Amino acid sequence: MPVKKAKGEMMTKGLTQAEADQRLEEFGPNSLAVVEDRSVLRIIFGTLKEPMFLFMLSAAALYLMVGDLAEGAFLVLAASVSMGLVVFQDARSERALHALRDLAAPHAHVIRDGQTRLLPADQLVPGDLIIPNPGERFPADADLISDHLLMMDEAVLTGESAPASKALGQDVSLFAGSLVVSGEGLAVVTQTGGNTQIGMIGTALSGEIEQTPLQVSTGRLVIWLSLGALVVCLAIVAAYGLLRGDWLAGGLAGLTAAIALLPEEFPLVLAVFLAMGSQRLAQHHVLVRRAAVVETLGAITLLCVDKTGTLTQNQMRVDRVWSLDETNHAEVLQVGTLASAVHPIDPMDKAIHAAAKARTSGAIELKDFALKSVSPLAPQRLAVIQNWQHKGQRIWATKGAPEAVLHLCHDLPAEARARIEAELEAMASSGLRVLACAQARTDTKTDLKIEDVAFEFVGLLGFIDPLREDVPAALAEARQAGIQIAMITGDLTATALAIAKAAGLDTGAGVLTGQEIEDLSPEALQARLADVRIFARVRPEAKLKLILAFQALGHVVAMTGDGVNDAPALEASHVGIAMGQRGTDVAREAADLVLLDDSFASIISGVRLGRRIFANLRKALGYVLAIHIPIAGLALLPILLGLPPMLFPMHIVVMELMIDPISSLVFEAEPSEASAMVQPPRALSEPLFGLSQMAWAGFQGLVLLGGVLGLYLWVIDTGIPETTARSIGYVCLVTGNVTLALVDGYEPSISPFDRRHRLLWIVALLVSSTLAAILYVPWLAKIFKMAPLGGADLGLALGVAFLAGGWSVVVRFFAKGPIRQSTT
């Protein structure tokens, strides 16, 4: 749509917020087709396909066929309640995933009301002014309106791999979905949402969080167990029918066994833990892009982190200005301003603009200058060069790495170079980040290449970027957790050492430079990495070589990155961490995690939470396996022994209603263990739920099965009524179930009555109330084929339950072997 404001006003002010709100209402949000959230109805239909519910409904139908309306109706009601619980947990997970997609949504730098703002891309409207940044995906269709050169990768639209140049007088059209390769500028939005070129093609990123390998393997396990349960069900039906002639009783017994054999909680527990765990991480400023990374967080042995913005505050301030004559500071700041972005986004550009405005009375007015070209940072030249036209002259202004700028100053005397290098060393040793500035003035009629321009050295700018206050404590916690820290920076060696010492990093082995990394063979580099942890003057391309060398030494590596060139290293590392505030879209797409506040302390919080999620998930899966052993055994063994069945379908359904919330909601909310961050990282090859965990869970389940079955056999043998014996056995089983949950969630350093365990105690209270109702409400007791228990019988059942379900708490309290490891 046409922009009604004059170009000059538009380039400085942009739309007002009121205008933007009106256009947003008129044109709608700037978004393409998004992932369709699963509705409650879709979740219900998906749940109905689960084998567990099919078996439950089949049992209900059998009860109704034989005329037992009460039991049939109860099973239908129980199935509905169980489905409601599953739907609630699934919907909760869906809301968590939706919230994560909102956090992961792209943003854009927009000028509104004369101020540069970072806004969600879906809030853009036609007429908005946006500032492209290298490494970002362009958020809408727009036209370039400033005298800048942009290089755009339009492969997503055209399939062409070579970047296309965009400049006034040539091609000014910029398209949504294309990647800003280099340059800067100002663009006005022309089309948004479905009206963009990519919107009309119908291409959209899904943003779905994929299933982890553990979820896939668990899904296969449940399918095989379902088939096995079906075979067992049919075998019992056939045995009953052929041997006893009672096909209906056989059907009920078979369905009971099938329901008992199915650990259908496994996929539900995994889905809830991964979704809710990802949401918990997001609350600690760590956004999970790939759910599988939750399984890796606890195994990290080495963190490779950028200095700027991660260990430091990324709030640059010009602390020192130096020139060769040591007096002409204003000229240094003016040249620095001409070599910076007109609308600064980079913290150093912002600092230069602020210093020029505060320290010089005659600060230059950029509106009087016409920008003719921009040569951005490049691997072969770590300096920015901007060419301006002003009062009949061409002004070339450059700022960048001192060695790059000095290389451009061909005629610099040796004495002046020595003075510059001495001052540079002094600034760097003080922990300042240093940029050099130079300029050249040429005739407008002369068309020169950069190599032919005679730059004159102007001065040095020293920036201070204070250490984040929480870094020393976070570093100490990382060391305690057995995680080594490597600091990577593009700064000078002296600057890197000064910051590393202030942060508390080990600098005893010295510094390895980026050039040394590139020159060393892989074997020689691995030898140096045995002790060196500080890396200076590192280009993004060298990070990949570092990561591969650390991995060859056996480290599980997490790496932070923010630039386009960081993407290969982020993908190669075990856990790639992109910066959310200053990171490019390319880096975020390559990463597993996005650090929303760019803080090192948030990484350590993420590791701590990752270990908690892993430990609690392991506890939950162990509990599910352990409790299914006595359920399945008590459904099958009395029948095989020719005794009255102890469990009917409604008994198991009620048990399932207890297991689901305990194993998913309760264990997920359990606090971290005190030892979580004082133990070394687990081995990456160690499975979440391996043979040792299965063996321990199986042993716990067998002990509980032995206790309950032995009690049931004994009371049956005494000649008491079947309903009373069933009541004693069921009370013992349910109480043992809850006791086992308390034991598996027990941490010696945390009191069982700590408020952080409140969910578990709430579930225990609800279970006790349900059990009491089943025993002592006559019509419920009749449905469940039970009888009220006296004090002696109740005490006997509870005593056996506490022993059979809680014996392992003594072992857990004293042992530091397999049991302790099973909860880390």
# chains A, B, ... in the order shown; residues from 1 in each chain; ligands from 1

$ residues_around --residues "Val374 in chain A" --least-positions-apart "2" --cutoff "7 Å" --atoms "only C-alpha atoms" --output "list of chain:residue names"
A:His148, A:Leu149, A:Gly183, A:Pro376, A:Ile385, A:Gln386, A:Asn387

$ select_by_dssp --residues "range 601-728 of chain A" --states "alpha helix (DSSP H)" --output "PyMOL selection string"
chain A and resi 601-640+649-661+667-669+691-717+722-728

$ residues_around --residues "Val594 in chain A" --least-positions-apart "3" --cutoff "9 Å" --atoms "only C-alpha atoms" --output "MDAnalysis selection string"
chainID A and resid 104 285:289 576:580 583 588 591 597:598

$ write_last_selection --atoms "N, CA, C and O atoms" --output "short mmCIF file (atom, residue, chain, number, x, y, z; two decimals), in the first residue's frame"
data_model
loop_
_atom_site.label_atom_id
_atom_site.label_comp_id
_atom_site.auth_asym_id
_atom_site.auth_seq_id
_atom_site.Cartn_x
_atom_site.Cartn_y
_atom_site.Cartn_z
N ALA A 104 9.25 -19.06 20.17
CA ALA A 104 10.17 -19.29 19.06
C ALA A 104 9.84 -18.45 17.84
O ALA A 104 10.60 -18.45 16.88
N HIS A 285 14.35 -19.07 30.91
CA HIS A 285 14.96 -18.37 29.77
C HIS A 285 15.71 -19.30 28.83
O HIS A 285 16.64 -18.86 28.14
N VAL A 286 15.34 -20.59 28.80
CA VAL A 286 15.96 -21.54 27.87
C VAL A 286 14.84 -22.17 27.03
O VAL A 286 14.02 -22.93 27.55
N LEU A 287 14.82 -21.84 25.75
CA LEU A 287 13.78 -22.33 24.86
C LEU A 287 14.26 -23.59 24.14
O LEU A 287 15.31 -23.60 23.50
N VAL A 288 13.50 -24.68 24.28
CA VAL A 288 13.85 -25.96 23.65
C VAL A 288 13.27 -26.00 22.24
O VAL A 288 12.06 -25.92 22.06
N ARG A 289 14.13 -26.12 21.24
CA ARG A 289 13.67 -26.24 19.86
C ARG A 289 13.55 -27.70 19.44
O ARG A 289 12.77 -28.04 18.57
N GLY A 576 23.54 -27.49 20.75
CA GLY A 576 23.79 -26.16 20.19
C GLY A 576 22.87 -25.14 20.85
O GLY A 576 21.67 -25.35 20.94
N ILE A 577 23.47 -24.04 21.33
CA ILE A 577 22.71 -23.03 22.07
C ILE A 577 22.83 -21.69 21.32
O ILE A 577 23.92 -21.11 21.25
N ALA A 578 21.73 -21.21 20.76
CA ALA A 578 21.74 -19.94 20.05
C ALA A 578 21.32 -18.81 20.99
O ALA A 578 20.56 -19.02 21.94
N MET A 579 21.83 -17.63 20.71
CA MET A 579 21.47 -16.46 21.50
C MET A 579 20.11 -15.91 21.04
O MET A 579 19.90 -15.69 19.84
N GLY A 580 19.21 -15.72 21.96
CA GLY A 580 17.87 -15.27 21.60
C GLY A 580 17.79 -13.78 21.34
O GLY A 580 16.99 -13.32 20.52
N GLY A 583 21.15 -13.27 18.57
CA GLY A 583 21.41 -14.33 17.61
C GLY A 583 20.65 -14.14 16.30
O GLY A 583 19.57 -13.55 16.26
N ARG A 588 19.62 -19.68 15.21
CA ARG A 588 18.51 -20.27 15.97
C ARG A 588 17.98 -21.52 15.29
O ARG A 588 17.59 -22.49 15.95
N ALA A 591 20.27 -24.45 16.07
CA ALA A 591 20.49 -24.77 17.48
C ALA A 591 19.42 -25.70 18.03
O ALA A 591 18.32 -25.82 17.49
N ASP A 597 17.68 -14.90 27.25
CA ASP A 597 18.30 -13.71 27.83
C ASP A 597 19.81 -13.65 27.59
O ASP A 597 20.48 -12.77 28.13
N ASP A 598 20.35 -14.61 26.80
CA ASP A 598 21.78 -14.64 26.45
C ASP A 598 22.69 -14.76 27.67
O ASP A 598 23.87 -14.45 27.59
#

$ closest_residue --among "A:Ile534, A:Val763, A:Ala615, A:Ile131" --to "Ile345 in chain A" --atoms "only C-alpha atoms"
A:Ile131

$ closest_residue --among "A:Ile450, A:Val743, A:Ala438, A:Leu760" --to "Val810 in chain A" --atoms "only C-alpha atoms"
A:Val743

$ closest_residue --among "A:Gly135, A:Gly554, A:Gly508, A:Gly298" --to "Arg582 in chain A" --atoms "only C-alpha atoms"
A:Gly135

$ residues_around --residues "Val110 in chain A" --least-positions-apart "5" --cutoff "7 Å" --atoms "only C-alpha atoms" --output "VMD selection string"
chain A and resid 116 to 119 128 to 131

$ residues_around --residues "Ala330 in chain A" --least-positions-apart "2" --cutoff "8 Å" --atoms "only C-alpha atoms" --output "list of chain:residue names"
A:Asn328, A:Val332, A:Leu333, A:Gln334, A:Ala356, A:Arg359, A:Thr360

$ write_last_selection --atoms "N, CA, C and O atoms" --output "PDB file, in the first residue's frame"
ATOM      1  N   ASN A 328      42.690  14.759  19.913  1.00  0.00           N
ATOM      2  CA  ASN A 328      41.595  14.891  18.954  1.00  0.00           C
ATOM      3  C   ASN A 328      40.600  13.731  19.095  1.00  0.00           C
ATOM      4  O   ASN A 328      40.397  12.947  18.178  1.00  0.00           O
ATOM      5  N   VAL A 332      37.897  10.966  16.381  1.00  0.00           N
ATOM      6  CA  VAL A 332      37.810   9.507  16.487  1.00  0.00           C
ATOM      7  C   VAL A 332      36.349   9.077  16.592  1.00  0.00           C
ATOM      8  O   VAL A 332      35.915   8.131  15.927  1.00  0.00           O
ATOM      9  N   LEU A 333      35.584   9.779  17.443  1.00  0.00           N
ATOM     10  CA  LEU A 333      34.176   9.426  17.618  1.00  0.00           C
ATOM     11  C   LEU A 333      33.361   9.712  16.364  1.00  0.00           C
ATOM     12  O   LEU A 333      32.433   8.967  16.035  1.00  0.00           O
ATOM     13  N   GLN A 334      33.696  10.790  15.653  1.00  0.00           N
ATOM     14  CA  GLN A 334      32.968  11.111  14.420  1.00  0.00           C
ATOM     15  C   GLN A 334      33.218  10.061  13.344  1.00  0.00           C
ATOM     16  O   GLN A 334      32.290   9.606  12.659  1.00  0.00           O
ATOM     17  N   ALA A 356      29.476   9.706  20.992  1.00  0.00           N
ATOM     18  CA  ALA A 356      29.640  10.878  20.116  1.00  0.00           C
ATOM     19  C   ALA A 356      28.672  11.990  20.497  1.00  0.00           C
ATOM     20  O   ALA A 356      29.031  13.174  20.489  1.00  0.00           O
ATOM     21  N   ARG A 359      29.934  13.262  24.204  1.00  0.00           N
ATOM     22  CA  ARG A 359      31.284  13.790  24.412  1.00  0.00           C
ATOM     23  C   ARG A 359      31.683  14.874  23.435  1.00  0.00           C
ATOM     24  O   ARG A 359      32.719  15.510  23.615  1.00  0.00           O
ATOM     25  N   THR A 360      30.932  15.065  22.350  1.00  0.00           N
ATOM     26  CA  THR A 360      31.319  16.074  21.364  1.00  0.00           C
ATOM     27  C   THR A 360      30.203  17.098  21.229  1.00  0.00           C
ATOM     28  O   THR A 360      29.040  16.747  21.063  1.00  0.00           O
TER      29      THR A 360
END

$ atom_distance --atom1 "CA of Asp531 in chain A" --atom2 "CA of Ala509 in chain A"
6.1 Å

$ residues_around --residues "Ile485 in chain A" --least-positions-apart "5" --cutoff "10 Å" --atoms "only C-alpha atoms" --output "PyMOL selection string"
chain A and resi 301-305+475+478-479+505-506+533-534+558

$ select_by_dssp --residues "range 434-597 of chain A" --states "strand (DSSP E)" --output "count of residues only"
43

$ residues_around --residues "Pro413 in chain A" --least-positions-apart "6" --cutoff "12 Å" --atoms "only C-alpha atoms" --output "PyMOL selection string"
chain A and resi 324+406+419-420+456-457

$ closest_residue --among "A:Val624, A:Leu297, A:Met677, A:Leu609" --to "Ala476 in chain A" --atoms "only C-alpha atoms"
A:Met677

$ atom_distance --atom1 "CA of Gly504 in chain A" --atom2 "CA of Arg468 in chain A"
12.2 Å

$ atom_distance --atom1 "CA of Ile236 in chain A" --atom2 "CA of Leu634 in chain A"
14.4 Å

$ closest_residue --among "A:Ala524, A:Leu377, A:Val800, A:Ile762" --to "Thr735 in chain A" --atoms "only C-alpha atoms"
A:Val800
